[in-house]
>>> print(open('my_file34.txt').read())   # compact mmCIF, C-alpha atoms
# COMPACT_ATOMS: atom_id res chain seq x y z
CA MET A 1 -6.58 -35.50 -3.71
CA GLY A 2 -10.13 -34.55 -4.75
CA LEU A 3 -11.63 -31.16 -4.02
CA ASN A 4 -13.90 -32.52 -1.28
CA SER A 5 -10.95 -34.11 0.50
CA PHE A 6 -8.99 -30.91 0.09
CA LEU A 7 -11.75 -28.83 1.65
CA LYS A 8 -11.97 -31.16 4.65
CA ILE A 9 -8.51 -30.19 5.82
CA PHE A 10 -9.56 -26.55 6.23
CA THR A 11 -9.71 -25.40 9.82
CA PRO A 12 -10.29 -21.92 11.21
CA SER A 13 -6.64 -21.79 12.22
CA ASN A 14 -5.28 -22.26 8.69
CA ARG A 15 -7.84 -20.14 6.85
CA VAL A 16 -5.59 -17.30 7.96
CA PHE A 17 -3.32 -18.17 5.02
CA PHE A 18 -6.03 -17.28 2.52
CA GLU A 19 -6.79 -14.04 4.35
CA LEU A 20 -3.13 -13.05 4.36
CA PHE A 21 -2.56 -13.98 0.72
CA GLU A 22 -5.65 -12.04 -0.35
CA LYS A 23 -4.49 -8.96 1.55
CA VAL A 24 -1.06 -9.19 -0.09
CA ALA A 25 -2.61 -9.64 -3.55
CA ASP A 26 -4.94 -6.67 -2.95
CA ASN A 27 -1.95 -4.51 -2.04
CA VAL A 28 -0.01 -5.72 -5.08
CA ALA A 29 -2.91 -4.79 -7.38
CA THR A 30 -3.15 -1.37 -5.75
CA MET A 31 0.58 -0.89 -6.27
CA GLY A 32 0.19 -1.81 -9.93
CA GLN A 33 -2.46 0.88 -10.34
CA LYS A 34 -0.34 3.45 -8.53
CA LEU A 35 2.66 2.69 -10.74
CA LYS A 36 0.45 3.47 -13.71
CA ASP A 37 -0.56 6.72 -11.99
CA ILE A 38 3.11 7.58 -11.43
CA VAL A 39 3.97 7.13 -15.08
CA ALA A 40 0.98 9.29 -16.09
CA GLU A 41 1.85 12.11 -13.64
CA PRO A 42 4.08 14.81 -15.17
CA ASP A 43 4.75 16.68 -11.90
CA PHE A 44 7.80 15.47 -9.94
CA ASP A 45 6.40 16.34 -6.50
CA LYS A 46 3.03 14.76 -7.18
CA ARG A 47 4.79 11.63 -8.39
CA ALA A 48 6.83 11.64 -5.17
CA ALA A 49 3.62 11.63 -3.13
CA ILE A 50 2.31 8.59 -5.02
CA ILE A 51 5.68 6.85 -4.68
CA ALA A 52 5.43 7.37 -0.90
CA GLU A 53 2.07 5.54 -1.00
CA VAL A 54 3.69 2.71 -2.94
CA GLU A 55 6.43 2.53 -0.32
CA ASP A 56 3.84 2.24 2.46
CA LEU A 57 2.12 -0.60 0.61
CA GLU A 58 5.45 -2.35 0.07
CA HIS A 59 6.21 -2.13 3.81
CA ALA A 60 2.71 -3.41 4.63
CA ASN A 61 3.31 -6.39 2.36
CA ASP A 62 6.63 -7.10 4.06
CA ASP A 63 4.73 -7.35 7.35
CA LEU A 64 2.05 -9.58 5.81
CA THR A 65 4.68 -11.85 4.26
CA HIS A 66 6.37 -12.15 7.65
CA LYS A 67 3.02 -13.14 9.15
CA ILE A 68 2.60 -15.83 6.49
CA PHE A 69 5.99 -17.30 7.37
CA THR A 70 5.15 -17.09 11.08
CA GLU A 71 1.87 -18.94 10.52
CA LEU A 72 3.71 -21.51 8.43
CA GLY A 73 5.95 -22.29 11.38
CA ARG A 74 3.04 -22.29 13.82
CA ASN A 75 0.52 -24.48 11.96
CA PHE A 76 1.01 -28.21 11.44
CA ILE A 77 -1.94 -28.42 9.02
CA THR A 78 -1.81 -26.06 6.05
CA PRO A 79 -4.28 -25.62 3.16
CA PHE A 80 -1.69 -26.73 0.60
CA ASP A 81 1.96 -27.76 0.49
CA ARG A 82 4.21 -25.78 2.79
CA GLU A 83 6.68 -25.31 -0.06
CA ASP A 84 3.95 -23.83 -2.25
CA ILE A 85 2.90 -21.45 0.52
CA HIS A 86 6.49 -20.31 0.82
CA TYR A 87 6.94 -19.95 -2.94
CA LEU A 88 3.68 -18.04 -3.37
CA ALA A 89 4.45 -15.67 -0.51
CA THR A 90 7.93 -15.04 -1.90
CA SER A 91 6.74 -14.46 -5.46
CA LEU A 92 4.05 -11.99 -4.36
CA ASP A 93 6.59 -10.16 -2.21
CA ASP A 94 8.92 -9.97 -5.22
CA ILE A 95 6.19 -8.33 -7.32
CA ALA A 96 5.73 -5.66 -4.65
CA ASP A 97 9.49 -5.13 -4.30
CA TYR A 98 10.03 -4.58 -8.01
CA ILE A 99 7.01 -2.31 -8.42
CA TYR A 100 8.44 -0.15 -5.63
CA ALA A 101 11.89 -0.28 -7.24
CA SER A 102 10.42 0.86 -10.56
CA SER A 103 8.60 3.71 -8.85
CA LYS A 104 11.70 4.91 -7.03
CA LYS A 105 13.93 4.85 -10.07
CA ILE A 106 11.61 7.09 -12.09
CA ASN A 107 12.05 9.99 -9.66
CA PHE A 108 15.53 9.07 -8.48
CA TYR A 109 16.84 9.38 -12.04
CA ARG A 110 14.57 12.36 -12.71
CA VAL A 111 13.46 10.96 -16.06
CA ASN A 112 10.36 12.04 -17.90
CA PRO A 113 8.03 9.01 -17.56
CA ASN A 114 5.97 10.25 -20.53
CA ASP A 115 7.63 7.54 -22.57
CA SER A 116 5.86 4.97 -24.73
CA GLY A 117 7.88 2.08 -23.28
CA MET A 118 7.20 3.01 -19.66
CA ARG A 119 3.51 3.59 -20.39
CA LYS A 120 3.20 0.17 -22.01
CA PHE A 121 5.05 -1.53 -19.16
CA ALA A 122 2.92 0.26 -16.56
CA ASP A 123 -0.26 -0.82 -18.33
CA MET A 124 0.86 -4.45 -18.52
CA ILE A 125 1.94 -4.42 -14.88
CA GLU A 126 -1.42 -3.00 -13.82
CA GLN A 127 -3.23 -5.72 -15.80
CA GLY A 128 -0.92 -8.44 -14.50
CA THR A 129 -1.40 -7.51 -10.85
CA VAL A 130 -5.20 -7.45 -11.29
CA HIS A 131 -5.08 -10.99 -12.66
CA VAL A 132 -2.74 -12.09 -9.86
CA ARG A 133 -5.32 -10.81 -7.38
CA LYS A 134 -8.10 -12.72 -9.18
CA ALA A 135 -6.09 -15.93 -9.22
CA VAL A 136 -5.08 -15.68 -5.57
CA GLY A 137 -8.67 -14.93 -4.59
CA GLY A 138 -9.80 -18.08 -6.36
CA LEU A 139 -7.59 -20.33 -4.21
CA ARG A 140 -9.86 -20.08 -1.18
CA ASP A 141 -12.45 -22.52 -2.52
CA MET A 142 -11.33 -23.29 -6.10
CA LYS A 143 -14.93 -23.30 -7.29
CA ASN A 144 -14.20 -21.34 -10.44
CA LEU A 145 -11.14 -23.00 -11.93
CA ARG A 146 -11.92 -21.57 -15.35
CA GLN A 147 -11.63 -18.03 -14.04
CA ILE A 148 -8.37 -18.82 -12.27
CA THR A 149 -6.98 -20.45 -15.40
CA GLU A 150 -8.00 -17.51 -17.59
CA SER A 151 -6.12 -15.17 -15.27
CA LEU A 152 -3.04 -17.39 -15.34
CA VAL A 153 -3.09 -17.51 -19.14
CA LYS A 154 -3.42 -13.72 -19.27
CA ILE A 155 -0.48 -13.24 -16.89
CA ASN A 156 1.72 -15.48 -19.03
CA SER A 157 0.62 -13.64 -22.18
CA LEU A 158 1.47 -10.28 -20.61
CA GLU A 159 4.93 -11.51 -19.69
CA ASN A 160 5.55 -12.54 -23.30
CA GLN A 161 4.33 -9.15 -24.52
CA ALA A 162 6.62 -7.43 -22.01
CA ASP A 163 9.65 -9.18 -23.54
CA ASP A 164 8.71 -7.75 -26.93
CA VAL A 165 8.05 -4.28 -25.49
CA PHE A 166 11.45 -4.35 -23.80
CA ASP A 167 13.24 -5.18 -27.04
CA MET A 168 11.34 -2.53 -29.01
CA SER A 169 11.83 0.09 -26.30
CA ILE A 170 15.58 -0.50 -26.17
CA GLU A 171 15.80 -0.34 -29.95
CA ARG A 172 13.85 2.93 -30.01
CA LEU A 173 15.88 4.34 -27.14
CA PHE A 174 19.22 3.81 -28.89
CA ALA A 175 17.81 5.15 -32.14
CA THR A 176 16.26 8.35 -30.79
CA GLU A 177 17.96 9.34 -27.51
CA PRO A 178 21.18 11.34 -28.06
CA ASP A 179 22.02 11.66 -24.34
CA ALA A 180 24.00 8.62 -23.16
CA LYS A 181 23.01 9.25 -19.53
CA GLU A 182 19.32 9.17 -20.43
CA VAL A 183 19.86 5.92 -22.31
CA ILE A 184 21.40 4.32 -19.23
CA LYS A 185 18.67 5.62 -16.91
CA LYS A 186 15.74 4.58 -19.06
CA ARG A 187 17.24 1.22 -19.91
CA GLU A 188 17.53 0.41 -16.20
CA ILE A 189 13.92 1.45 -15.58
CA TYR A 190 12.75 -0.71 -18.49
CA GLN A 191 14.68 -3.64 -17.06
CA VAL A 192 13.13 -3.33 -13.60
CA MET A 193 9.62 -2.89 -15.00
CA GLU A 194 10.08 -5.95 -17.20
CA ILE A 195 11.15 -7.94 -14.13
CA VAL A 196 7.78 -7.11 -12.52
CA THR A 197 6.05 -9.04 -15.29
CA ASP A 198 8.47 -11.93 -14.75
CA LYS A 199 7.55 -11.99 -11.05
CA CYS A 200 3.85 -11.98 -11.91
CA GLU A 201 4.51 -15.03 -14.06
CA ASP A 202 6.40 -16.68 -11.18
CA ALA A 203 3.32 -16.23 -8.96
CA SER A 204 1.15 -17.58 -11.78
CA ASN A 205 3.30 -20.69 -12.04
CA VAL A 206 3.00 -21.38 -8.31
CA ILE A 207 -0.78 -20.98 -8.43
CA GLU A 208 -0.95 -23.29 -11.43
CA SER A 209 1.05 -25.90 -9.50
CA ILE A 210 -1.36 -25.61 -6.56
CA ILE A 211 -4.52 -26.07 -8.62
CA ILE A 212 -3.00 -29.03 -10.49
CA LYS A 213 -2.31 -30.71 -7.16
CA TYR A 214 -5.57 -29.95 -5.37
CA ALA A 215 -8.36 -29.19 -7.85
>>> encode(input="my_file34.txt", output="structure tokens")
Amino acid sequence: MGLNSFLKIFTPSNRVFFELFEKVADNVATMGQKLKDIVAEPDFDKRAAIIAEVEDLEHANDDLTHKIFTELGRNFITPFDREDIHYLATSLDDIADYIYASSKKINFYRVNPNDSGMRKFADMIEQGTVHVRKAVGGLRDMKNLRQITESLVKINSLENQADDVFDMSIERLFATEPDAKEVIKKREIYQVMEIVTDKCEDASNVIESIIIKYA
């Protein structure tokens, strides 16, 4: 299907999908920034306040995701394949879930987040969520496929870097941390933060599938 044919199927009733996806992606990018703020904040109570904001955003995204599924059941005509709408909504929701999980574990385990591995993960997550937002925003009209593609390539690159950071962080942790409990705590946080980058890549793959089909 050519782009002109694709645009013809847009109706006011199904533009709501783009609005909902963009709101979810905006929240995800905000959560990515707040996770970076959490890792940079040395004070436990101040971190807790930021984590509460992340929790609110995660709950807001749960509501938005539910609305997407409701609209999917309500609308016969959708802007792209129903399966892709479902997959994209699910993958974005997963990003939010794992960012929140990462945030919670930092204070729950009372670890010092001033850790090179956590800082690197937080930076990559922040970058990844910004590019997810850019890519999702480009789906509305698909006029700038190059920009969308550049964001998708960046997301995939960040996921590959995260694998390397995970391995190096684990190696450093076992070599320098004498407290077995701290090793267990930090390893689990690394794992959850690395999963965030995997979920960003999942969303990237869905978006790539959509633009291949409809651009």
>>> residues_around(input="my_file34.txt", residues="segment 20-33 of chain A", least_positions_apart="2", cutoff="10 Å", atoms="only C-alpha atoms", output="PDB file with C-alpha atoms, in the coordinates of the input")
ATOM      1  CA  ARG A  15      -7.840 -20.140   6.850  1.00  0.00           C
ATOM      2  CA  VAL A  16      -5.590 -17.300   7.960  1.00  0.00           C
ATOM      3  CA  PHE A  17      -3.320 -18.170   5.020  1.00  0.00           C
ATOM      4  CA  PHE A  18      -6.030 -17.280   2.520  1.00  0.00           C
ATOM      5  CA  LEU A  35       2.660   2.690 -10.740  1.00  0.00           C
ATOM      6  CA  LYS A  36       0.450   3.470 -13.710  1.00  0.00           C
ATOM      7  CA  ASP A  37      -0.560   6.720 -11.990  1.00  0.00           C
ATOM      8  CA  ILE A  38       3.110   7.580 -11.430  1.00  0.00           C
ATOM      9  CA  ILE A  50       2.310   8.590  -5.020  1.00  0.00           C
ATOM     10  CA  ILE A  51       5.680   6.850  -4.680  1.00  0.00           C
ATOM     11  CA  GLU A  53       2.070   5.540  -1.000  1.00  0.00           C
ATOM     12  CA  VAL A  54       3.690   2.710  -2.940  1.00  0.00           C
ATOM     13  CA  GLU A  55       6.430   2.530  -0.320  1.00  0.00           C
ATOM     14  CA  ASP A  56       3.840   2.240   2.460  1.00  0.00           C
ATOM     15  CA  LEU A  57       2.120  -0.600   0.610  1.00  0.00           C
ATOM     16  CA  GLU A  58       5.450  -2.350   0.070  1.00  0.00           C
ATOM     17  CA  ALA A  60       2.710  -3.410   4.630  1.00  0.00           C
ATOM     18  CA  ASN A  61       3.310  -6.390   2.360  1.00  0.00           C
ATOM     19  CA  ASP A  62       6.630  -7.100   4.060  1.00  0.00           C
ATOM     20  CA  ASP A  63       4.730  -7.350   7.350  1.00  0.00           C
ATOM     21  CA  LEU A  64       2.050  -9.580   5.810  1.00  0.00           C
ATOM     22  CA  THR A  65       4.680 -11.850   4.260  1.00  0.00           C
ATOM     23  CA  LYS A  67       3.020 -13.140   9.150  1.00  0.00           C
ATOM     24  CA  ILE A  68       2.600 -15.830   6.490  1.00  0.00           C
ATOM     25  CA  GLU A  71       1.870 -18.940  10.520  1.00  0.00           C
ATOM     26  CA  ILE A  85       2.900 -21.450   0.520  1.00  0.00           C
ATOM     27  CA  LEU A  88       3.680 -18.040  -3.370  1.00  0.00           C
ATOM     28  CA  ALA A  89       4.450 -15.670  -0.510  1.00  0.00           C
ATOM     29  CA  LEU A  92       4.050 -11.990  -4.360  1.00  0.00           C
ATOM     30  CA  ASP A  93       6.590 -10.160  -2.210  1.00  0.00           C
ATOM     31  CA  ASP A  94       8.920  -9.970  -5.220  1.00  0.00           C
ATOM     32  CA  ILE A  95       6.190  -8.330  -7.320  1.00  0.00           C
ATOM     33  CA  ALA A  96       5.730  -5.660  -4.650  1.00  0.00           C
ATOM     34  CA  ASP A  97       9.490  -5.130  -4.300  1.00  0.00           C
ATOM     35  CA  ILE A  99       7.010  -2.310  -8.420  1.00  0.00           C
ATOM     36  CA  TYR A 100       8.440  -0.150  -5.630  1.00  0.00           C
ATOM     37  CA  SER A 103       8.600   3.710  -8.850  1.00  0.00           C
ATOM     38  CA  ALA A 122       2.920   0.260 -16.560  1.00  0.00           C
ATOM     39  CA  ASP A 123      -0.260  -0.820 -18.330  1.00  0.00           C
ATOM     40  CA  MET A 124       0.860  -4.450 -18.520  1.00  0.00           C
ATOM     41  CA  ILE A 125       1.940  -4.420 -14.880  1.00  0.00           C
ATOM     42  CA  GLU A 126      -1.420  -3.000 -13.820  1.00  0.00           C
ATOM     43  CA  GLN A 127      -3.230  -5.720 -15.800  1.00  0.00           C
ATOM     44  CA  GLY A 128      -0.920  -8.440 -14.500  1.00  0.00           C
ATOM     45  CA  THR A 129      -1.400  -7.510 -10.850  1.00  0.00           C
ATOM     46  CA  VAL A 130      -5.200  -7.450 -11.290  1.00  0.00           C
ATOM     47  CA  HIS A 131      -5.080 -10.990 -12.660  1.00  0.00           C
ATOM     48  CA  VAL A 132      -2.740 -12.090  -9.860  1.00  0.00           C
ATOM     49  CA  ARG A 133      -5.320 -10.810  -7.380  1.00  0.00           C
ATOM     50  CA  LYS A 134      -8.100 -12.720  -9.180  1.00  0.00           C
ATOM     51  CA  ALA A 135      -6.090 -15.930  -9.220  1.00  0.00           C
ATOM     52  CA  VAL A 136      -5.080 -15.680  -5.570  1.00  0.00           C
ATOM     53  CA  GLY A 137      -8.670 -14.930  -4.590  1.00  0.00           C
ATOM     54  CA  GLY A 138      -9.800 -18.080  -6.360  1.00  0.00           C
ATOM     55  CA  LEU A 139      -7.590 -20.330  -4.210  1.00  0.00           C
ATOM     56  CA  ARG A 140      -9.860 -20.080  -1.180  1.00  0.00           C
ATOM     57  CA  VAL A 196       7.780  -7.110 -12.520  1.00  0.00           C
TER      58      VAL A 196
END
>>> closest_residue(input="my_file34.txt", among="A:Val111, A:Ile212, A:Gly117, A:Asp141", to="Lys181 of chain A", atoms="only C-alpha atoms")
A:Val111
>>> axis_aligned_box(input="my_file34.txt", around="segment 59-65 of chain A", padding_each_side="3 Å", output="lines of an AutoDock Vina configuration file")
center_x = 4.3
center_y = -7.0
center_z = 4.9
size_x = 10.6
size_y = 15.7
size_z = 11.0
>>> atom_distance(input="my_file34.txt", atom1="atom CA of Ile106 of chain A", atom2="atom CA of Leu173 of chain A")
15.9 Å
>>> atom_distance(input="my_file34.txt", atom1="atom CA of Glu41 of chain A", atom2="atom CA of Asn112 of chain A")
9.5 Å
>>> residues_around(input="my_file34.txt", residues="segment 164-169 of chain A", least_positions_apart="3", cutoff="12 Å", atoms="only C-alpha atoms", output="ChimeraX atom specification")
/A:115-124,157-161,172-177,183,186-195,197
>>> residues_around(input="my_file34.txt", residues="Glu208 of chain A", least_positions_apart="2", cutoff="12 Å", atoms="only C-alpha atoms", output="VMD selection string")
chain A and resid 84 88 132 135 to 136 138 to 139 142 145 to 146 148 to 153 155 to 156 201 to 206 210 to 215
>>> closest_residue(input="my_file34.txt", among="A:Pro42, A:Lys154, A:Phe69, A:Arg47", to="Tyr87 of chain A", atoms="all atoms listed in the file")
A:Phe69
>>> closest_residue(input="my_file34.txt", among="A:His59, A:His66, A:Lys34, A:Lys185", to="Thr90 of chain A", atoms="only C-alpha atoms")
A:His66
>>> atom_distance(input="my_file34.txt", atom1="atom CA of Ala101 of chain A", atom2="atom CA of Thr70 of chain A")
25.8 Å
